[in-house]
>>> print(open('entry-v1.cif').read())   # mmCIF, N, CA and C atoms
data_my_file
#
loop_
_atom_site.label_atom_id
_atom_site.label_comp_id
_atom_site.auth_asym_id
_atom_site.auth_seq_id
_atom_site.Cartn_x
_atom_site.Cartn_y
_atom_site.Cartn_z
N MET A 1 -5.26 70.98 -16.96
CA MET A 1 -5.19 69.56 -17.22
C MET A 1 -6.21 68.84 -16.31
N GLN A 2 -7.00 68.01 -16.92
CA GLN A 2 -8.04 67.29 -16.19
C GLN A 2 -7.44 66.05 -15.53
N LYS A 3 -7.80 65.80 -14.28
CA LYS A 3 -7.31 64.64 -13.55
C LYS A 3 -8.33 63.51 -13.63
N THR A 4 -7.83 62.29 -13.67
CA THR A 4 -8.68 61.11 -13.70
C THR A 4 -8.43 60.31 -12.44
N ALA A 5 -9.49 59.98 -11.73
CA ALA A 5 -9.37 59.15 -10.53
C ALA A 5 -9.69 57.70 -10.90
N VAL A 6 -8.81 56.81 -10.53
CA VAL A 6 -9.01 55.39 -10.80
C VAL A 6 -8.84 54.63 -9.49
N THR A 7 -9.74 53.70 -9.25
CA THR A 7 -9.63 52.88 -8.05
C THR A 7 -8.62 51.76 -8.29
N GLY A 8 -8.16 51.14 -7.23
CA GLY A 8 -7.14 50.10 -7.34
C GLY A 8 -7.67 48.73 -7.75
N SER A 9 -8.98 48.58 -7.85
CA SER A 9 -9.54 47.29 -8.24
C SER A 9 -10.90 47.52 -8.89
N PRO A 10 -11.40 46.50 -9.61
CA PRO A 10 -12.72 46.69 -10.23
C PRO A 10 -13.80 46.81 -9.17
N GLY A 11 -14.85 47.53 -9.50
CA GLY A 11 -15.98 47.69 -8.60
C GLY A 11 -17.15 46.79 -8.96
N PHE A 12 -17.13 46.25 -10.19
CA PHE A 12 -18.24 45.43 -10.65
C PHE A 12 -17.69 44.43 -11.66
N ILE A 13 -17.99 43.16 -11.46
CA ILE A 13 -17.57 42.11 -12.38
C ILE A 13 -18.82 41.34 -12.78
N SER A 14 -19.01 41.16 -14.08
CA SER A 14 -20.16 40.42 -14.59
C SER A 14 -19.68 39.41 -15.61
N ILE A 15 -20.20 38.19 -15.52
CA ILE A 15 -19.86 37.17 -16.51
C ILE A 15 -21.14 36.70 -17.20
N THR A 16 -21.00 36.29 -18.44
CA THR A 16 -22.12 35.77 -19.21
C THR A 16 -22.26 34.28 -18.92
N VAL A 17 -23.46 33.87 -18.62
CA VAL A 17 -23.76 32.47 -18.33
C VAL A 17 -24.92 32.02 -19.22
N SER A 18 -25.11 30.72 -19.32
CA SER A 18 -26.20 30.22 -20.16
C SER A 18 -27.56 30.32 -19.47
N ASP A 19 -27.58 30.27 -18.14
CA ASP A 19 -28.83 30.32 -17.39
C ASP A 19 -28.56 31.03 -16.07
N ALA A 20 -28.96 32.30 -15.97
CA ALA A 20 -28.64 33.10 -14.79
C ALA A 20 -29.21 32.51 -13.51
N LYS A 21 -30.43 31.98 -13.55
CA LYS A 21 -31.03 31.41 -12.34
C LYS A 21 -30.27 30.17 -11.87
N LYS A 22 -29.92 29.29 -12.80
CA LYS A 22 -29.17 28.08 -12.46
C LYS A 22 -27.80 28.45 -11.89
N SER A 23 -27.11 29.36 -12.54
CA SER A 23 -25.79 29.76 -12.07
C SER A 23 -25.87 30.48 -10.73
N ALA A 24 -26.90 31.31 -10.55
CA ALA A 24 -27.06 32.01 -9.27
C ALA A 24 -27.22 31.01 -8.13
N SER A 25 -28.02 29.97 -8.36
CA SER A 25 -28.19 28.94 -7.33
C SER A 25 -26.87 28.26 -7.01
N PHE A 26 -26.05 27.98 -8.03
CA PHE A 26 -24.74 27.38 -7.82
C PHE A 26 -23.87 28.27 -6.93
N TYR A 27 -23.78 29.56 -7.25
CA TYR A 27 -22.93 30.48 -6.49
C TYR A 27 -23.45 30.69 -5.07
N GLU A 28 -24.76 30.67 -4.90
CA GLU A 28 -25.33 30.79 -3.56
C GLU A 28 -25.07 29.53 -2.74
N GLN A 29 -25.36 28.37 -3.32
CA GLN A 29 -25.26 27.10 -2.60
C GLN A 29 -23.81 26.74 -2.27
N HIS A 30 -22.92 26.88 -3.23
CA HIS A 30 -21.56 26.37 -3.04
C HIS A 30 -20.55 27.42 -2.59
N LEU A 31 -20.81 28.71 -2.86
CA LEU A 31 -19.83 29.74 -2.54
C LEU A 31 -20.36 30.80 -1.58
N GLY A 32 -21.58 30.63 -1.12
CA GLY A 32 -22.12 31.55 -0.12
C GLY A 32 -22.46 32.93 -0.64
N ALA A 33 -22.59 33.08 -1.95
CA ALA A 33 -22.93 34.38 -2.52
C ALA A 33 -24.31 34.82 -2.01
N VAL A 34 -24.45 36.11 -1.75
CA VAL A 34 -25.70 36.67 -1.25
C VAL A 34 -26.30 37.55 -2.34
N ARG A 35 -27.48 37.16 -2.79
CA ARG A 35 -28.14 37.84 -3.91
C ARG A 35 -28.59 39.24 -3.52
N ASP A 36 -28.33 40.18 -4.41
CA ASP A 36 -28.84 41.54 -4.26
C ASP A 36 -30.36 41.49 -4.37
N THR A 37 -31.07 42.28 -3.59
CA THR A 37 -32.53 42.24 -3.61
C THR A 37 -33.13 43.00 -4.79
N PHE A 38 -32.33 43.79 -5.50
CA PHE A 38 -32.85 44.52 -6.66
C PHE A 38 -33.16 43.53 -7.77
N ASP A 39 -34.30 43.71 -8.43
CA ASP A 39 -34.70 42.84 -9.53
C ASP A 39 -34.09 43.36 -10.83
N PHE A 40 -33.07 42.65 -11.32
CA PHE A 40 -32.40 43.03 -12.55
C PHE A 40 -33.06 42.40 -13.78
N GLY A 41 -34.17 41.73 -13.58
CA GLY A 41 -34.88 41.07 -14.68
C GLY A 41 -34.57 39.58 -14.69
N PRO A 42 -35.23 38.83 -15.58
CA PRO A 42 -35.12 37.37 -15.57
C PRO A 42 -33.76 36.83 -16.04
N ASP A 43 -32.96 37.66 -16.69
CA ASP A 43 -31.71 37.18 -17.26
C ASP A 43 -30.46 37.71 -16.56
N ALA A 44 -30.62 38.29 -15.37
CA ALA A 44 -29.45 38.83 -14.67
C ALA A 44 -29.63 38.72 -13.16
N VAL A 45 -28.53 38.49 -12.49
CA VAL A 45 -28.51 38.41 -11.03
C VAL A 45 -27.23 39.09 -10.57
N ALA A 46 -27.33 39.87 -9.51
CA ALA A 46 -26.14 40.48 -8.91
C ALA A 46 -26.07 40.03 -7.46
N PHE A 47 -24.86 39.99 -6.94
CA PHE A 47 -24.63 39.60 -5.55
C PHE A 47 -24.01 40.78 -4.81
N VAL A 48 -24.31 40.89 -3.53
CA VAL A 48 -23.72 41.97 -2.73
C VAL A 48 -22.29 41.61 -2.39
N GLY A 49 -21.49 42.60 -2.14
CA GLY A 49 -20.09 42.40 -1.80
C GLY A 49 -19.22 43.34 -2.61
N TRP A 50 -17.95 43.28 -2.39
CA TRP A 50 -17.01 44.12 -3.13
C TRP A 50 -15.89 43.27 -3.68
N PRO A 51 -15.63 43.31 -4.96
CA PRO A 51 -16.46 44.01 -5.93
C PRO A 51 -17.78 43.28 -6.14
N THR A 52 -18.76 44.00 -6.63
CA THR A 52 -20.04 43.38 -6.94
C THR A 52 -19.82 42.34 -8.04
N PHE A 53 -20.43 41.19 -7.89
CA PHE A 53 -20.32 40.11 -8.85
C PHE A 53 -21.70 39.88 -9.44
N ALA A 54 -21.78 39.74 -10.76
CA ALA A 54 -23.08 39.57 -11.41
C ALA A 54 -23.02 38.50 -12.49
N LEU A 55 -24.18 37.97 -12.82
CA LEU A 55 -24.35 36.97 -13.86
C LEU A 55 -25.38 37.49 -14.85
N SER A 56 -25.13 37.27 -16.12
CA SER A 56 -26.08 37.69 -17.14
C SER A 56 -26.20 36.61 -18.20
N SER A 57 -27.43 36.23 -18.52
CA SER A 57 -27.63 35.24 -19.58
C SER A 57 -28.17 35.91 -20.85
N VAL A 58 -28.07 37.24 -20.91
CA VAL A 58 -28.52 37.97 -22.09
C VAL A 58 -27.41 37.92 -23.15
N ARG A 59 -27.76 37.42 -24.35
CA ARG A 59 -26.79 37.35 -25.44
C ARG A 59 -27.43 37.87 -26.72
N ARG A 60 -26.59 38.41 -27.57
CA ARG A 60 -27.08 38.84 -28.89
C ARG A 60 -27.41 37.59 -29.71
N PRO A 61 -28.35 37.67 -30.64
CA PRO A 61 -28.66 36.53 -31.50
C PRO A 61 -27.41 36.05 -32.23
N GLY A 62 -27.21 34.75 -32.24
CA GLY A 62 -26.06 34.16 -32.91
C GLY A 62 -24.79 34.14 -32.09
N GLN A 63 -24.79 34.80 -30.93
CA GLN A 63 -23.61 34.79 -30.08
C GLN A 63 -23.48 33.42 -29.42
N PRO A 64 -22.26 32.84 -29.37
CA PRO A 64 -22.12 31.52 -28.78
C PRO A 64 -22.38 31.53 -27.27
N SER A 65 -22.75 30.37 -26.76
CA SER A 65 -22.92 30.24 -25.32
C SER A 65 -21.57 30.43 -24.64
N PRO A 66 -21.57 30.87 -23.38
CA PRO A 66 -20.31 31.06 -22.69
C PRO A 66 -19.58 29.73 -22.51
N SER A 67 -18.29 29.82 -22.52
CA SER A 67 -17.46 28.63 -22.36
C SER A 67 -16.06 29.06 -22.00
N PRO A 68 -15.36 28.30 -21.17
CA PRO A 68 -13.97 28.64 -20.89
C PRO A 68 -13.12 28.62 -22.16
N ARG A 69 -13.59 27.92 -23.19
CA ARG A 69 -12.84 27.88 -24.45
C ARG A 69 -12.89 29.21 -25.19
N ASN A 70 -13.95 30.01 -24.97
CA ASN A 70 -14.02 31.30 -25.66
C ASN A 70 -14.00 32.49 -24.70
N ALA A 71 -13.67 32.25 -23.44
CA ALA A 71 -13.53 33.33 -22.45
C ALA A 71 -12.31 33.04 -21.59
N SER A 72 -11.51 34.03 -21.38
CA SER A 72 -10.27 33.81 -20.63
C SER A 72 -10.38 34.15 -19.15
N ILE A 73 -11.56 34.45 -18.67
CA ILE A 73 -11.72 34.84 -17.27
C ILE A 73 -11.60 33.62 -16.35
N GLN A 74 -10.95 33.85 -15.22
CA GLN A 74 -10.90 32.87 -14.15
C GLN A 74 -11.31 33.59 -12.87
N LEU A 75 -12.10 32.95 -12.06
CA LEU A 75 -12.59 33.54 -10.82
C LEU A 75 -11.89 32.89 -9.64
N TRP A 76 -11.47 33.70 -8.68
CA TRP A 76 -10.84 33.20 -7.45
C TRP A 76 -11.73 33.61 -6.28
N TRP A 77 -12.07 32.63 -5.43
CA TRP A 77 -12.89 32.88 -4.26
C TRP A 77 -12.12 32.41 -3.03
N ARG A 78 -12.03 33.28 -2.05
CA ARG A 78 -11.34 32.93 -0.81
C ARG A 78 -12.30 32.19 0.12
N ALA A 79 -11.79 31.14 0.75
CA ALA A 79 -12.58 30.35 1.70
C ALA A 79 -11.80 30.25 3.00
N SER A 80 -12.50 30.22 4.12
CA SER A 80 -11.81 30.06 5.40
C SER A 80 -11.29 28.64 5.57
N ASP A 81 -11.92 27.68 4.90
CA ASP A 81 -11.49 26.28 4.97
C ASP A 81 -11.71 25.63 3.60
N ALA A 82 -10.68 25.73 2.76
CA ALA A 82 -10.80 25.22 1.38
C ALA A 82 -11.02 23.71 1.36
N GLN A 83 -10.41 22.99 2.28
CA GLN A 83 -10.57 21.54 2.29
C GLN A 83 -12.02 21.15 2.59
N ALA A 84 -12.63 21.82 3.56
CA ALA A 84 -14.03 21.53 3.89
C ALA A 84 -14.94 21.86 2.70
N LEU A 85 -14.66 22.97 2.01
CA LEU A 85 -15.46 23.32 0.84
C LEU A 85 -15.26 22.29 -0.26
N TYR A 86 -14.02 21.86 -0.46
CA TYR A 86 -13.73 20.83 -1.46
C TYR A 86 -14.58 19.58 -1.19
N GLU A 87 -14.58 19.11 0.05
CA GLU A 87 -15.34 17.91 0.40
C GLU A 87 -16.84 18.12 0.15
N LYS A 88 -17.34 19.32 0.44
CA LYS A 88 -18.76 19.63 0.22
C LYS A 88 -19.11 19.60 -1.26
N VAL A 89 -18.28 20.25 -2.10
CA VAL A 89 -18.63 20.32 -3.52
C VAL A 89 -18.43 18.98 -4.22
N VAL A 90 -17.45 18.19 -3.78
CA VAL A 90 -17.27 16.85 -4.35
C VAL A 90 -18.52 16.01 -4.06
N ALA A 91 -19.01 16.08 -2.82
CA ALA A 91 -20.20 15.33 -2.45
C ALA A 91 -21.43 15.77 -3.26
N ALA A 92 -21.43 17.03 -3.70
CA ALA A 92 -22.55 17.55 -4.49
C ALA A 92 -22.37 17.29 -5.99
N GLY A 93 -21.25 16.68 -6.37
CA GLY A 93 -21.03 16.35 -7.77
C GLY A 93 -20.47 17.47 -8.62
N VAL A 94 -19.93 18.52 -8.00
CA VAL A 94 -19.33 19.62 -8.75
C VAL A 94 -18.03 19.14 -9.38
N PRO A 95 -17.81 19.40 -10.68
CA PRO A 95 -16.57 18.96 -11.33
C PRO A 95 -15.34 19.65 -10.72
N ILE A 96 -14.34 18.85 -10.38
CA ILE A 96 -13.08 19.36 -9.83
C ILE A 96 -12.06 19.41 -10.95
N LEU A 97 -11.43 20.57 -11.12
CA LEU A 97 -10.44 20.75 -12.18
C LEU A 97 -9.01 20.55 -11.67
N THR A 98 -8.76 20.93 -10.42
CA THR A 98 -7.45 20.74 -9.78
C THR A 98 -7.69 20.27 -8.35
N GLU A 99 -7.11 19.14 -8.00
CA GLU A 99 -7.25 18.62 -6.65
C GLU A 99 -6.58 19.56 -5.64
N PRO A 100 -6.99 19.52 -4.37
CA PRO A 100 -6.41 20.41 -3.36
C PRO A 100 -4.89 20.22 -3.21
N PHE A 101 -4.23 21.35 -3.00
CA PHE A 101 -2.79 21.35 -2.74
C PHE A 101 -2.48 22.55 -1.84
N ASP A 102 -1.34 22.49 -1.17
CA ASP A 102 -0.90 23.60 -0.34
C ASP A 102 0.10 24.41 -1.13
N GLY A 103 -0.16 25.70 -1.27
CA GLY A 103 0.68 26.57 -2.07
C GLY A 103 0.78 27.95 -1.45
N PRO A 104 1.24 28.93 -2.22
CA PRO A 104 1.45 30.27 -1.68
C PRO A 104 0.16 30.96 -1.23
N PHE A 105 -0.99 30.48 -1.67
CA PHE A 105 -2.26 31.06 -1.24
C PHE A 105 -3.00 30.14 -0.28
N GLY A 106 -2.23 29.29 0.42
CA GLY A 106 -2.82 28.35 1.36
C GLY A 106 -3.40 27.15 0.62
N ARG A 107 -4.31 26.46 1.27
CA ARG A 107 -4.96 25.31 0.64
C ARG A 107 -5.74 25.83 -0.57
N THR A 108 -5.54 25.19 -1.70
CA THR A 108 -6.08 25.68 -2.96
C THR A 108 -6.60 24.52 -3.79
N PHE A 109 -7.71 24.73 -4.50
CA PHE A 109 -8.19 23.77 -5.49
C PHE A 109 -9.01 24.53 -6.52
N ALA A 110 -9.33 23.89 -7.63
CA ALA A 110 -10.15 24.54 -8.65
C ALA A 110 -11.31 23.64 -9.03
N MET A 111 -12.46 24.27 -9.23
CA MET A 111 -13.66 23.56 -9.63
C MET A 111 -14.29 24.30 -10.81
N SER A 112 -15.36 23.73 -11.34
CA SER A 112 -16.03 24.31 -12.49
C SER A 112 -17.44 24.73 -12.11
N ASP A 113 -17.86 25.90 -12.60
CA ASP A 113 -19.25 26.31 -12.39
C ASP A 113 -20.13 25.66 -13.47
N PRO A 114 -21.44 25.88 -13.48
CA PRO A 114 -22.31 25.19 -14.45
C PRO A 114 -21.96 25.45 -15.92
N ASP A 115 -21.30 26.56 -16.22
CA ASP A 115 -20.90 26.85 -17.59
C ASP A 115 -19.47 26.44 -17.89
N GLY A 116 -18.80 25.86 -16.92
CA GLY A 116 -17.43 25.42 -17.13
C GLY A 116 -16.38 26.45 -16.79
N TYR A 117 -16.79 27.59 -16.23
CA TYR A 117 -15.79 28.57 -15.82
C TYR A 117 -14.97 28.02 -14.66
N ARG A 118 -13.67 28.26 -14.71
CA ARG A 118 -12.76 27.79 -13.66
C ARG A 118 -12.88 28.71 -12.44
N ILE A 119 -13.15 28.10 -11.29
CA ILE A 119 -13.21 28.83 -10.02
C ILE A 119 -12.13 28.24 -9.13
N THR A 120 -11.15 29.06 -8.79
CA THR A 120 -10.08 28.63 -7.89
C THR A 120 -10.45 29.05 -6.49
N ILE A 121 -10.41 28.10 -5.57
CA ILE A 121 -10.70 28.35 -4.16
C ILE A 121 -9.36 28.39 -3.43
N TYR A 122 -9.16 29.40 -2.60
CA TYR A 122 -7.89 29.57 -1.88
C TYR A 122 -8.18 30.11 -0.49
N GLU A 123 -7.16 30.08 0.39
CA GLU A 123 -7.37 30.49 1.77
C GLU A 123 -6.67 31.79 2.18
N LYS A 124 -5.59 32.18 1.51
CA LYS A 124 -4.83 33.36 1.93
C LYS A 124 -4.71 34.35 0.77
N ASP A 125 -5.01 35.63 1.04
CA ASP A 125 -4.90 36.65 0.00
C ASP A 125 -3.46 36.98 -0.36
N GLN A 126 -2.58 36.94 0.60
CA GLN A 126 -1.19 37.32 0.36
C GLN A 126 -0.28 36.11 0.57
N PRO A 127 0.55 35.80 -0.41
CA PRO A 127 1.45 34.64 -0.24
C PRO A 127 2.68 34.99 0.59
N LEU A 128 2.46 35.49 1.80
CA LEU A 128 3.56 35.85 2.69
C LEU A 128 4.32 34.61 3.16
N PHE A 129 5.59 34.78 3.30
CA PHE A 129 6.45 33.73 3.84
C PHE A 129 6.41 32.46 3.00
N TRP A 130 6.39 32.64 1.69
CA TRP A 130 6.41 31.50 0.79
C TRP A 130 7.69 31.54 0.00
N PRO A 131 8.41 30.47 -0.18
CA PRO A 131 8.07 29.13 0.29
C PRO A 131 8.39 28.98 1.79
N PRO A 132 7.78 27.99 2.40
CA PRO A 132 8.06 27.76 3.83
C PRO A 132 9.53 27.46 4.05
N LYS A 133 10.06 27.91 5.17
CA LYS A 133 11.46 27.63 5.52
C LYS A 133 11.64 26.13 5.68
N GLY A 134 12.76 25.64 5.17
CA GLY A 134 13.05 24.21 5.28
C GLY A 134 12.48 23.42 4.13
N SER A 135 11.82 24.07 3.18
CA SER A 135 11.25 23.33 2.05
C SER A 135 12.21 23.28 0.90
#
>>> encode(input="entry-v1.cif", output="structure tokens")
Amino acid sequence: MQKTAVTGSPGFISITVSDAKKSASFYEQHLGAVRDTFDFGPDAVAFVGWPTFALSSVRRPGQPSPSPRNASIQLWWRASDAQALYEKVVAAGVPILTEPFDGPFGRTFAMSDPDGYRITIYEKDQPLFWPPKGS
């Protein structure tokens, strides 16, 4: 019997965007993404980290542009200070989808990337000790 090894999480995540260069600038400027130095061509960008995150603007002819209406993916990015990031992106005119609140993942809010994908910013990976005692 052949055994199959599976890791506990994805190793590579790629989303389709309308303009890879524009989206790459957004992720670098607002989320601190670090671009991989490998040249994936004019329609793709990858960022270093785990899992690897990539953007691709390559579409088949007639395929619709990416949109949260036709894609169910949501991206979550951890920040050391979600409130400070919120203030930075608001000042830059980034659309906010959910105002900051304190929840099981710490300070949390949601914003939109250039294609309208929902990006939730949070501070804690594990919702330990939630709800707070006395709440």
>>> closest_residue(input="entry-v1.cif", among="A:Ile15, A:Ala54, A:Ala5, A:Val89", to="A:Ser72", atoms="only C-alpha atoms")
A:Ile15
>>> residues_near_point(input="entry-v1.cif", point="(-20.6, 37.0, -17.6)", cutoff="7 Å", atoms="only N, CA and C atoms", output="PyMOL selection string")
chain A and resi 13-17+54-57
>>> write_last_selection(input="entry-v1.cif", atoms="N, CA and C atoms", output="CSV table (one decimal), in the coordinates of the input")
chain,number,residue,atom,x,y,z
A,13,ILE,N,-18.0,43.2,-11.5
A,13,ILE,CA,-17.6,42.1,-12.4
A,13,ILE,C,-18.8,41.3,-12.8
A,14,SER,N,-19.0,41.2,-14.1
A,14,SER,CA,-20.2,40.4,-14.6
A,14,SER,C,-19.7,39.4,-15.6
A,15,ILE,N,-20.2,38.2,-15.5
A,15,ILE,CA,-19.9,37.2,-16.5
A,15,ILE,C,-21.1,36.7,-17.2
A,16,THR,N,-21.0,36.3,-18.4
A,16,THR,CA,-22.1,35.8,-19.2
A,16,THR,C,-22.3,34.3,-18.9
A,17,VAL,N,-23.5,33.9,-18.6
A,17,VAL,CA,-23.8,32.5,-18.3
A,17,VAL,C,-24.9,32.0,-19.2
A,54,ALA,N,-21.8,39.7,-10.8
A,54,ALA,CA,-23.1,39.6,-11.4
A,54,ALA,C,-23.0,38.5,-12.5
A,55,LEU,N,-24.2,38.0,-12.8
A,55,LEU,CA,-24.4,37.0,-13.9
A,55,LEU,C,-25.4,37.5,-14.8
A,56,SER,N,-25.1,37.3,-16.1
A,56,SER,CA,-26.1,37.7,-17.1
A,56,SER,C,-26.2,36.6,-18.2
A,57,SER,N,-27.4,36.2,-18.5
A,57,SER,CA,-27.6,35.2,-19.6
A,57,SER,C,-28.2,35.9,-20.8
>>> atom_distance(input="entry-v1.cif", atom1="atom C of A:Asp115", atom2="atom CA of A:Ser25")
13.9 Å
>>> residues_around(input="entry-v1.cif", residues="A:Arg118", least_positions_apart="6", cutoff="5 Å", atoms="all atoms listed in the file", output="list in words")
Gln74, Leu75, Met111 and Ser112 of chain A
>>> closest_residue(input="entry-v1.cif", among="A:Ser80, A:Gln126, A:Thr52, A:Thr120", to="A:Gly11", atoms="all atoms listed in the file")
A:Thr52
>>> closest_residue(input="entry-v1.cif", among="A:Lys3, A:Ala46, A:Tyr122, A:Leu85", to="A:Ala24", atoms="all atoms listed in the file")
A:Ala46
>>> resolve_selection(input="entry-v1.cif", expression="the PyMOL selection byres ((chain A and resi 79) around 6.5)", output="VMD selection string")
chain A and resid 77 to 78 80 to 82 121 to 124
>>> write_last_selection(input="entry-v1.cif", atoms="N, CA and C atoms", output="short mmCIF file (atom, residue, chain, number, x, y, z; two decimals), in the frame of the given file")
data_model
loop_
_atom_site.label_atom_id
_atom_site.label_comp_id
_atom_site.auth_asym_id
_atom_site.auth_seq_id
_atom_site.Cartn_x
_atom_site.Cartn_y
_atom_site.Cartn_z
N TRP A 77 -12.07 32.63 -5.43
CA TRP A 77 -12.89 32.88 -4.26
C TRP A 77 -12.12 32.41 -3.03
N ARG A 78 -12.03 33.28 -2.05
CA ARG A 78 -11.34 32.93 -0.81
C ARG A 78 -12.30 32.19 0.12
N SER A 80 -12.50 30.22 4.12
CA SER A 80 -11.81 30.06 5.40
C SER A 80 -11.29 28.64 5.57
N ASP A 81 -11.92 27.68 4.90
CA ASP A 81 -11.49 26.28 4.97
C ASP A 81 -11.71 25.63 3.60
N ALA A 82 -10.68 25.73 2.76
CA ALA A 82 -10.80 25.22 1.38
C ALA A 82 -11.02 23.71 1.36
N ILE A 121 -10.41 28.10 -5.57
CA ILE A 121 -10.70 28.35 -4.16
C ILE A 121 -9.36 28.39 -3.43
N TYR A 122 -9.16 29.40 -2.60
CA TYR A 122 -7.89 29.57 -1.88
C TYR A 122 -8.18 30.11 -0.49
N GLU A 123 -7.16 30.08 0.39
CA GLU A 123 -7.37 30.49 1.77
C GLU A 123 -6.67 31.79 2.18
N LYS A 124 -5.59 32.18 1.51
CA LYS A 124 -4.83 33.36 1.93
C LYS A 124 -4.71 34.35 0.77
#
>>> select_by_dssp(input="entry-v1.cif", residues="stretch 24-98 of chain A", states="alpha helix (DSSP H)", output="list in words")
Ala24, Ser25, Phe26, Tyr27, Glu28, Gln29, His30, Leu31, Ala82, Gln83, Ala84, Leu85, Tyr86, Glu87, Lys88, Val89, Val90 and Ala91 of chain A
>>> closest_residue(input="entry-v1.cif", among="A:Arg107, A:His30, A:Lys88, A:Lys22", to="A:Pro42", atoms="only C-alpha atoms")
A:Lys22
>>> atom_distance(input="entry-v1.cif", atom1="atom C of A:Thr98", atom2="atom C of A:Ala44")
29.1 Å
>>> atom_distance(input="entry-v1.cif", atom1="atom CA of A:Glu99", atom2="atom CA of A:Gly32")
20.8 Å
>>> select_by_dssp(input="entry-v1.cif", residues="chain A", states="strand (DSSP E)", output="PyMOL selection string")
chain A and resi 12-16+44-47+52-56+75-78+96-103+106-112+118-122
>>> axis_aligned_box(input="entry-v1.cif", around="stretch 102-107 of chain A", padding_each_side="5 Å", output="AutoDock Vina command-line options")
--center_x -2.1 --center_y 26.8 --center_z -0.4 --size_x 17.2 --size_y 18.6 --size_z 13.6
>>> closest_residue(input="entry-v1.cif", among="A:Phe53, A:Val58, A:Gly8, A:Ala33", to="A:Ala20", atoms="all atoms listed in the file")
A:Val58
>>> closest_residue(input="entry-v1.cif", among="A:Asp113, A:Gln63, A:Gln83, A:Thr37", to="A:Pro95", atoms="only N, CA and C atoms")
A:Asp113
>>> residues_around(input="entry-v1.cif", residues="A:Gly106", least_positions_apart="2", cutoff="7 Å", atoms="only N, CA and C atoms", output="list of chain:residue names")
A:Phe101, A:Asp102, A:Gly103, A:Pro104, A:Thr108, A:Tyr122, A:Glu123, A:Lys124, A:Asp125, A:Pro127
>>> write_last_selection(input="entry-v1.cif", atoms="N, CA and C atoms", output="PDB file, keeping the file's coordinate frame")
ATOM      1  N   PHE A 101      -4.230  21.350  -3.000  1.00  0.00           N
ATOM      2  CA  PHE A 101      -2.790  21.350  -2.740  1.00  0.00           C
ATOM      3  C   PHE A 101      -2.480  22.550  -1.840  1.00  0.00           C
ATOM      4  N   ASP A 102      -1.340  22.490  -1.170  1.00  0.00           N
ATOM      5  CA  ASP A 102      -0.900  23.600  -0.340  1.00  0.00           C
ATOM      6  C   ASP A 102       0.100  24.410  -1.130  1.00  0.00           C
ATOM      7  N   GLY A 103      -0.160  25.700  -1.270  1.00  0.00           N
ATOM      8  CA  GLY A 103       0.680  26.570  -2.070  1.00  0.00           C
ATOM      9  C   GLY A 103       0.780  27.950  -1.450  1.00  0.00           C
ATOM     10  N   PRO A 104       1.240  28.930  -2.220  1.00  0.00           N
ATOM     11  CA  PRO A 104       1.450  30.270  -1.680  1.00  0.00           C
ATOM     12  C   PRO A 104       0.160  30.960  -1.230  1.00  0.00           C
ATOM     13  N   THR A 108      -5.540  25.190  -1.700  1.00  0.00           N
ATOM     14  CA  THR A 108      -6.080  25.680  -2.960  1.00  0.00           C
ATOM     15  C   THR A 108      -6.600  24.520  -3.790  1.00  0.00           C
ATOM     16  N   TYR A 122      -9.160  29.400  -2.600  1.00  0.00           N
ATOM     17  CA  TYR A 122      -7.890  29.570  -1.880  1.00  0.00           C
ATOM     18  C   TYR A 122      -8.180  30.110  -0.490  1.00  0.00           C
ATOM     19  N   GLU A 123      -7.160  30.080   0.390  1.00  0.00           N
ATOM     20  CA  GLU A 123      -7.370  30.490   1.770  1.00  0.00           C
ATOM     21  C   GLU A 123      -6.670  31.790   2.180  1.00  0.00           C
ATOM     22  N   LYS A 124      -5.590  32.180   1.510  1.00  0.00           N
ATOM     23  CA  LYS A 124      -4.830  33.360   1.930  1.00  0.00           C
ATOM     24  C   LYS A 124      -4.710  34.350   0.770  1.00  0.00           C
ATOM     25  N   ASP A 125      -5.010  35.630   1.040  1.00  0.00           N
ATOM     26  CA  ASP A 125      -4.900  36.650   0.000  1.00  0.00           C
ATOM     27  C   ASP A 125      -3.460  36.980  -0.360  1.00  0.00           C
ATOM     28  N   PRO A 127       0.550  35.800  -0.410  1.00  0.00           N
ATOM     29  CA  PRO A 127       1.450  34.640  -0.240  1.00  0.00           C
ATOM     30  C   PRO A 127       2.680  34.990   0.590  1.00  0.00           C
TER      31      PRO A 127
END
